[in-house]
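Each remark here refers to the structure printed beneath this line.
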Amino acid sequence: MADKKQEFVTHITPRDKDFSQWYTDVVTQADLMDYTPVRGCMALKPYGNRIWELIREGLDKRFKETGHENVSMPMLIPESLLLKEAEHVEGFAPEVAWVTQGGTEPLQERLAVRPTSETIFCTMFAKWVESWRDLPLKYNQWCSVMRWEKTTRPFLRTAEFWWQEGHTVHATAEEAEEETLTMLHVYREFAEQQLAMPVYAGRKSDKEKFAGAQATYSIEAMMQDGKALQAGTSHNFGTNFSVPFGIQYLSKEGKLEYCHETSWGASTRLIGAIIMTHGDERGLKLPPAVAPYQAVILPIAAHKGGVMEKCQEVYDALKAAGIRVRLDDRDNVSPGFKFNEWELKGVPVRVEIGPRDIENGVATLMRRDTFEKMTVPLSELPEKLPALLDDISRSMYEIALRFREEHTKIVSNMDELAAQVNGGYAKAMWCGDRACEDKIKADTGATSRNMPFDQTPVGDKCVCCGRKADKVMYFAKAY
């Protein structure tokens with residue numbers, strides 16, 4: 001395997017040599033995006049954009065199944081709206097990009113290019129909600145937002161990025177909390193079932209919660225360098241926004257009440273998470289659910305009679321079976337080049353068909369995840385390939401889960417924590433004091449990630465200060 005890596009892939013930096021450069025090499029060599037003239041803004045190329053489309057389709061289906069509708073809101077937000085919720089504007093102020101002129105005329109009020117859309121949703125909710133009969137409103141929008149980041153990296157942290165943001169209003173605190181947790185688990189199931197990416201789900205500390213939220217929950221994934229990546233968040237706002245924005249409803253009892261709100265979001269950062277969870281020195285390894293092509297058919301000795309005809313026949317059969325398939329019929333590159341290119345692009349299954357395969361009535365398949373080769377009767381491909389794709393997804397998840405478990409350790413003091421977060425997650429007891437969070441970050445570079453729902457103690461003293469503690473927290477260095 002090592003010899004093949006050297007032969008075919010010499011332009012990708014090894015992960016163990018420079019993980020950051022490896023990531024950049026994979027992103028660019030797999031042709032997912034390109035840099036644009038505006039710092040921190042990327043252009044999604046067709047292959048990268050198709051991965052995002054498939055993520056979007058998978059999530060959108062789940063949103064609709066849980067009773068949400070899509071809407072679209074404007075990208076410009078008057079400064080006066082941002083100022084209505086003090087904690088919110090303070091949290092986003094350093095990242096806001098402003099429009100100060102329209103055409104040749106200076107604007108009387110600055111307009112923010114949305115860093116997120118809570119304030120505009122709240123403005124509209126205040127107009128649209130009158131009585132208990134209007135509730136709940138459960139909306140989502142797909143859009144891009146802008147945050148003027150100081151340090152950027154493709155997919156992981158960019159000035160402009162694509163995402164979805166759900167916004168809902170409810171009559172009671174209980175309904176809002178139920179919504180917040182429901183959507184967190186939608187993210188968790190999607191990450192684990194569709195992206196083959198195990199995550200820790202739990203509640204953020206008050207320090208790490210969303211600006212303006214009453215409570216924030218997250219799913220946290222582990223990358224192959226042991227760092228954490230926040231892959232989705234769900235926020236319970238309580239009445240923190242409805243009070244300043246005047247979002248009220250007339251209850252059944254005829255009393256005017258404030259609504260309870262939630263917000264939740266996931267972004268193109270998930271593409272970065274897929275790369276760093278599954279990729280290798282040959283490039284991408286895409287989970288079948290979000291692979292633009294789940295299988296690629298490569299003709300062998302295409303110039304020989306019957307080869308291209310059989311490949312086309314197999315292509316038609318697989319497409320009819322609902323498989324996203326590509327027939328690579330290019331005649332200006334070698335089969336070896338094609339092998340390398342589609343491995344780099346992470347296509348889950350390679351289907352080789354040549355004269356000998358046709359003579360034997362089989363196709364030679366290679367799994368991208370394990371490089372295992374097998375032969376399958378041509379007539380059985382449409383039936384067997386979906387099962388193989390399912391097995392690939394399960395295998396990728398199990399490998400990532402095993403890696404995470406091997407790199408998560410219970411720690412009881414700062415020395416153990418500092419050593420563990422150099423390549424994994426530290427699970428520890430925490431007293432709940434922000435001063436301890438600050439000290440952990442200052443001393444180790446790690447931040448609190450979330451508190452798992454299973455709060456079975458792993459000790460009785462805070463990992464930092466040594467005082468009695470009753471909170472279990474994951475700590476890690478993070479992207």
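We name chains A, B, ... following the order of the structure tokens; residues begin at 1 in each chain, and ligands are numbered from 1 as shown.
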Name the residues of segment 77-287 of chain A that come out as strand (DSSP E or B) in a backbone DSSP run; write them as a count of residues only.
-> 81
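Those residues that approach segment 193-204 of chain A to within 6 Å, counting only C-alpha atoms, are A:Glu189, A:Phe190, A:Ala191, A:Glu208, A:Lys209, A:Thr216, A:Tyr217, A:Ser218, A:Ile219, A:Glu220, A:Ala221, A:Pro287, A:Ala289, A:Ser393, A:Met396, A:Tyr397, A:Leu401, A:Asn450, A:Met451, A:Pro452, A:Phe453; same-chain residues fewer than 2 positions away are not listed.
Excluding segment 319-335 of chain A and any residue on its chain fewer than 3 positions from it, the residues at most 6 Å away by only C-alpha atoms are Tyr293, Gln294, Ala295, Val296, Ile297, Leu298, Asp316, Lys338 and Pro382 of chain A.
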Could you write out that same residue set with N, CA and C atoms as a PDB file, in the first residue's frame?
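Full text of again-v4.pdb as output:
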ATOM      1  N   TYR A 293     -20.806  10.944  -6.696  1.00  0.00           N
ATOM      2  CA  TYR A 293     -20.918   9.669  -7.404  1.00  0.00           C
ATOM      3  C   TYR A 293     -20.658   8.572  -6.391  1.00  0.00           C
ATOM      4  N   GLN A 294     -21.619   7.679  -6.242  1.00  0.00           N
ATOM      5  CA  GLN A 294     -21.422   6.560  -5.317  1.00  0.00           C
ATOM      6  C   GLN A 294     -20.603   5.453  -5.963  1.00  0.00           C
ATOM      7  N   ALA A 295     -20.611   5.419  -7.276  1.00  0.00           N
ATOM      8  CA  ALA A 295     -19.809   4.435  -8.015  1.00  0.00           C
ATOM      9  C   ALA A 295     -19.341   5.062  -9.309  1.00  0.00           C
ATOM     10  N   VAL A 296     -18.140   4.701  -9.733  1.00  0.00           N
ATOM     11  CA  VAL A 296     -17.628   5.139 -11.028  1.00  0.00           C
ATOM     12  C   VAL A 296     -17.252   3.901 -11.826  1.00  0.00           C
ATOM     13  N   ILE A 297     -17.710   3.848 -13.065  1.00  0.00           N
ATOM     14  CA  ILE A 297     -17.426   2.727 -13.954  1.00  0.00           C
ATOM     15  C   ILE A 297     -16.229   3.083 -14.821  1.00  0.00           C
ATOM     16  N   LEU A 298     -15.198   2.234 -14.749  1.00  0.00           N
ATOM     17  CA  LEU A 298     -13.980   2.471 -15.523  1.00  0.00           C
ATOM     18  C   LEU A 298     -13.806   1.355 -16.547  1.00  0.00           C
ATOM     19  N   ASP A 316     -26.582   2.204 -17.166  1.00  0.00           N
ATOM     20  CA  ASP A 316     -28.040   2.389 -17.238  1.00  0.00           C
ATOM     21  C   ASP A 316     -28.748   1.605 -16.134  1.00  0.00           C
ATOM     22  N   LYS A 338      -7.153   7.487 -14.073  1.00  0.00           N
ATOM     23  CA  LYS A 338      -8.537   7.508 -13.610  1.00  0.00           C
ATOM     24  C   LYS A 338      -8.657   6.909 -12.208  1.00  0.00           C
ATOM     25  N   PRO A 382     -26.924  -4.230  -9.741  1.00  0.00           N
ATOM     26  CA  PRO A 382     -27.943  -3.294  -9.246  1.00  0.00           C
ATOM     27  C   PRO A 382     -28.514  -3.696  -7.892  1.00  0.00           C
TER      28      PRO A 382
END
Contacts of Asp134 of chain A at 12 Å (only C-alpha atoms; same-chain gap of 5+ positions) as a compact mmCIF listing (two decimals) with N, CA and C atoms, in the first residue's frame:
# COMPACT_ATOMS: atom_id res chain seq x y z
N PHE A 125 -41.43 37.81 13.20
CA PHE A 125 -42.28 37.05 14.12
C PHE A 125 -43.20 38.00 14.90
N ALA A 126 -42.68 39.17 15.27
CA ALA A 126 -43.49 40.13 16.02
C ALA A 126 -44.69 40.60 15.19
N LYS A 127 -44.55 40.58 13.86
CA LYS A 127 -45.66 40.96 12.98
C LYS A 127 -46.61 39.79 12.73
N TRP A 128 -46.06 38.58 12.70
CA TRP A 128 -46.83 37.42 12.26
C TRP A 128 -47.56 36.67 13.38
N VAL A 129 -47.12 36.87 14.62
CA VAL A 129 -47.74 36.16 15.74
C VAL A 129 -48.71 37.07 16.47
N THR A 168 -37.62 29.15 15.42
CA THR A 168 -38.97 28.76 15.79
C THR A 168 -39.45 29.56 17.00
N VAL A 169 -40.78 29.74 17.08
CA VAL A 169 -41.39 30.39 18.25
C VAL A 169 -42.49 29.49 18.79
N HIS A 170 -42.57 29.45 20.13
CA HIS A 170 -43.47 28.54 20.82
C HIS A 170 -44.19 29.24 21.95
N ALA A 171 -45.27 28.61 22.40
CA ALA A 171 -46.07 29.20 23.46
C ALA A 171 -45.44 29.02 24.83
N ILE A 247 -42.38 40.03 20.79
CA ILE A 247 -43.05 38.89 20.17
C ILE A 247 -44.00 38.29 21.21
N GLN A 248 -45.28 38.64 21.12
CA GLN A 248 -46.26 38.23 22.10
C GLN A 248 -47.46 37.56 21.43
N TYR A 249 -48.14 36.75 22.22
CA TYR A 249 -49.36 36.11 21.71
C TYR A 249 -50.44 36.19 22.78
N LEU A 250 -51.67 36.17 22.33
CA LEU A 250 -52.81 36.16 23.22
C LEU A 250 -53.13 34.71 23.55
N SER A 251 -53.01 34.34 24.81
CA SER A 251 -53.22 32.96 25.24
C SER A 251 -54.69 32.58 25.19
N LYS A 252 -54.98 31.29 25.38
CA LYS A 252 -56.36 30.82 25.42
C LYS A 252 -57.16 31.51 26.52
N CYS A 259 -43.49 34.92 23.65
CA CYS A 259 -43.14 33.65 23.02
C CYS A 259 -41.78 33.17 23.51
For segment 416-432 of chain A: contacts at 6 Å, only C-alpha atoms, fewer than 4 positions along chain excluded, given as a CSV table (one decimal) with N, CA and C atoms, in the first residue's frame:
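See result22.csv below for the written result:
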chain,number,residue,atom,x,y,z
A,226,GLY,N,-7.1,14.6,16.5
A,226,GLY,CA,-7.5,14.6,17.8
A,226,GLY,C,-8.2,15.9,18.2
A,407,HIS,N,-9.1,7.8,21.5
A,407,HIS,CA,-8.5,9.1,21.8
A,407,HIS,C,-9.3,9.9,22.7
A,408,THR,N,-10.2,9.3,23.5
A,408,THR,CA,-10.9,10.0,24.6
A,408,THR,C,-10.5,9.3,25.9
A,409,LYS,N,-10.1,10.1,26.8
A,409,LYS,CA,-9.7,9.5,28.1
A,409,LYS,C,-10.2,10.3,29.3
A,410,ILE,N,-10.5,9.7,30.3
A,410,ILE,CA,-10.9,10.3,31.6
A,410,ILE,C,-9.6,10.9,32.3
A,411,VAL,N,-9.7,12.1,32.7
A,411,VAL,CA,-8.5,12.7,33.3
A,411,VAL,C,-9.0,13.3,34.7
A,444,THR,N,-3.6,25.1,28.6
A,444,THR,CA,-3.5,24.0,27.8
A,444,THR,C,-3.9,24.2,26.3
A,462,CYS,N,-13.1,18.8,40.7
A,462,CYS,CA,-12.8,19.6,39.5
A,462,CYS,C,-11.4,19.3,39.0
A,463,VAL,N,-11.3,19.1,37.7
A,463,VAL,CA,-10.0,18.8,37.1
A,463,VAL,C,-9.0,20.0,37.3
A,469,ALA,N,-17.0,18.8,42.5
A,469,ALA,CA,-17.6,19.0,41.2
A,469,ALA,C,-18.7,18.0,40.9
A,471,LYS,N,-20.3,18.2,37.5
A,471,LYS,CA,-20.5,18.3,36.1
A,471,LYS,C,-19.4,17.5,35.3
A,472,VAL,N,-19.9,16.7,34.4
A,472,VAL,CA,-19.0,16.0,33.5
A,472,VAL,C,-18.8,16.8,32.2
A,473,MET,N,-17.6,17.1,31.8
A,473,MET,CA,-17.4,18.0,30.6
A,473,MET,C,-16.3,17.3,29.7
A,474,TYR,N,-16.5,17.5,28.4
A,474,TYR,CA,-15.4,17.2,27.5
A,474,TYR,C,-14.6,18.4,27.2
A,475,PHE,N,-13.3,18.3,27.2
A,475,PHE,CA,-12.4,19.3,26.9
A,475,PHE,C,-11.5,18.9,25.7
A,476,ALA,N,-11.2,19.8,24.8
A,476,ALA,CA,-10.3,19.5,23.7
A,476,ALA,C,-9.9,20.8,23.0
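Of the listed residues (A:Lys207, A:Gly40, A:Glu130, A:Gly279), A:Lys207 comes nearest to Ala435 of chain A; the distances count only C-alpha atoms.
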Please give the complete set of residues from segment 204-379 of chain A that DSSP, run on the backbone, assigns to helix (DSSP H, G or I), formatted as a PyMOL selection string.
-> chain A and resi 242-245+269-278+288-290+307-320+335-344+355-360+378-379
10 Å contact set for Phe237 of chain A, only C-alpha atoms, chain neighbours under 2 positions out, as an MDAnalysis selection string = chainID A and resid 168:169 173 176:177 180 210:216 234:235 239:242 259:263
Saved selection, atoms kept: N, CA and C atoms, as an mmCIF file, in the first residue's frame:
data_model
loop_
_atom_site.group_PDB
_atom_site.id
_atom_site.type_symbol
_atom_site.label_atom_id
_atom_site.label_comp_id
_atom_site.auth_asym_id
_atom_site.auth_seq_id
_atom_site.Cartn_x
_atom_site.Cartn_y
_atom_site.Cartn_z
ATOM 1 N N THR A 168 -37.622 29.154 15.419
ATOM 2 C CA THR A 168 -38.974 28.757 15.792
ATOM 3 C C THR A 168 -39.449 29.562 16.997
ATOM 4 N N VAL A 169 -40.784 29.736 17.076
ATOM 5 C CA VAL A 169 -41.393 30.390 18.247
ATOM 6 C C VAL A 169 -42.486 29.487 18.790
ATOM 7 N N ALA A 173 -42.162 27.414 27.555
ATOM 8 C CA ALA A 173 -40.742 27.089 27.728
ATOM 9 C C ALA A 173 -40.497 25.610 27.460
ATOM 10 N N ALA A 176 -40.315 24.931 23.725
ATOM 11 C CA ALA A 176 -39.065 25.437 23.152
ATOM 12 C C ALA A 176 -37.900 24.506 23.476
ATOM 13 N N GLU A 177 -37.849 24.003 24.703
ATOM 14 C CA GLU A 177 -36.770 23.089 25.085
ATOM 15 C C GLU A 177 -36.888 21.776 24.311
ATOM 16 N N THR A 180 -35.561 22.421 20.859
ATOM 17 C CA THR A 180 -34.105 22.559 20.873
ATOM 18 C C THR A 180 -33.425 21.195 20.878
ATOM 19 N N PHE A 210 -24.188 30.324 22.656
ATOM 20 C CA PHE A 210 -24.449 31.328 21.626
ATOM 21 C C PHE A 210 -24.823 32.657 22.274
ATOM 22 N N ALA A 211 -24.338 33.746 21.698
ATOM 23 C CA ALA A 211 -24.618 35.069 22.246
ATOM 24 C C ALA A 211 -26.120 35.362 22.219
ATOM 25 N N GLY A 212 -26.713 35.497 23.387
ATOM 26 C CA GLY A 212 -28.146 35.767 23.483
ATOM 27 C C GLY A 212 -28.969 34.554 23.839
ATOM 28 N N ALA A 213 -28.348 33.378 23.898
ATOM 29 C CA ALA A 213 -29.085 32.146 24.190
ATOM 30 C C ALA A 213 -29.233 31.925 25.692
ATOM 31 N N GLN A 214 -30.314 31.244 26.046
ATOM 32 C CA GLN A 214 -30.491 30.790 27.417
ATOM 33 C C GLN A 214 -29.703 29.506 27.633
ATOM 34 N N ALA A 215 -29.681 28.651 26.605
ATOM 35 C CA ALA A 215 -28.903 27.409 26.643
ATOM 36 C C ALA A 215 -28.528 27.032 25.220
ATOM 37 N N THR A 216 -27.307 26.520 25.041
ATOM 38 C CA THR A 216 -26.844 26.046 23.739
ATOM 39 C C THR A 216 -26.403 24.595 23.866
ATOM 40 N N SER A 234 -27.714 23.894 18.582
ATOM 41 C CA SER A 234 -29.138 24.153 18.769
ATOM 42 C C SER A 234 -29.289 25.005 20.021
ATOM 43 N N HIS A 235 -30.036 26.102 19.910
ATOM 44 C CA HIS A 235 -30.108 27.094 20.978
ATOM 45 C C HIS A 235 -31.534 27.285 21.480
ATOM 46 N N THR A 239 -37.069 33.702 26.416
ATOM 47 C CA THR A 239 -37.714 34.958 25.986
ATOM 48 C C THR A 239 -36.675 36.068 25.794
ATOM 49 N N ASN A 240 -35.408 35.683 25.665
ATOM 50 C CA ASN A 240 -34.339 36.684 25.568
ATOM 51 C C ASN A 240 -34.483 37.602 24.359
ATOM 52 N N PHE A 241 -35.066 37.084 23.278
ATOM 53 C CA PHE A 241 -35.283 37.914 22.095
ATOM 54 C C PHE A 241 -36.728 38.397 22.007
ATOM 55 N N SER A 242 -37.654 37.579 22.472
ATOM 56 C CA SER A 242 -39.065 37.958 22.303
ATOM 57 C C SER A 242 -39.432 39.189 23.128
ATOM 58 N N CYS A 259 -43.491 34.921 23.649
ATOM 59 C CA CYS A 259 -43.142 33.645 23.024
ATOM 60 C C CYS A 259 -41.778 33.165 23.511
ATOM 61 N N HIS A 260 -41.562 31.868 23.375
ATOM 62 C CA HIS A 260 -40.265 31.250 23.652
ATOM 63 C C HIS A 260 -39.671 30.801 22.317
ATOM 64 N N GLU A 261 -38.390 31.098 22.123
ATOM 65 C CA GLU A 261 -37.784 30.891 20.796
ATOM 66 C C GLU A 261 -36.636 29.892 20.818
ATOM 67 N N THR A 262 -36.359 29.348 19.629
ATOM 68 C CA THR A 262 -35.174 28.512 19.428
ATOM 69 C C THR A 262 -34.509 28.903 18.114
ATOM 70 N N SER A 263 -33.267 28.490 17.992
ATOM 71 C CA SER A 263 -32.536 28.642 16.734
ATOM 72 C C SER A 263 -31.541 27.496 16.652
#
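Interatomic distance, atom CA of Leu111 of chain A against atom CA of Ala97 of chain A: 8.6 Å.
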Could you give me, as a PyMOL selection string, the residues within 7 Å of Ala112 of chain A, counting only C-alpha atoms and dropping anything in the same chain fewer than 4 positions from it?
-> chain A and resi 76-79+96-99
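Among the candidate residues A:Ile275, A:Leu365, A:Met183, A:Ala86, the one lying nearest to Phe245 of chain A is A:Ala86, with distances computed using only C-alpha atoms.
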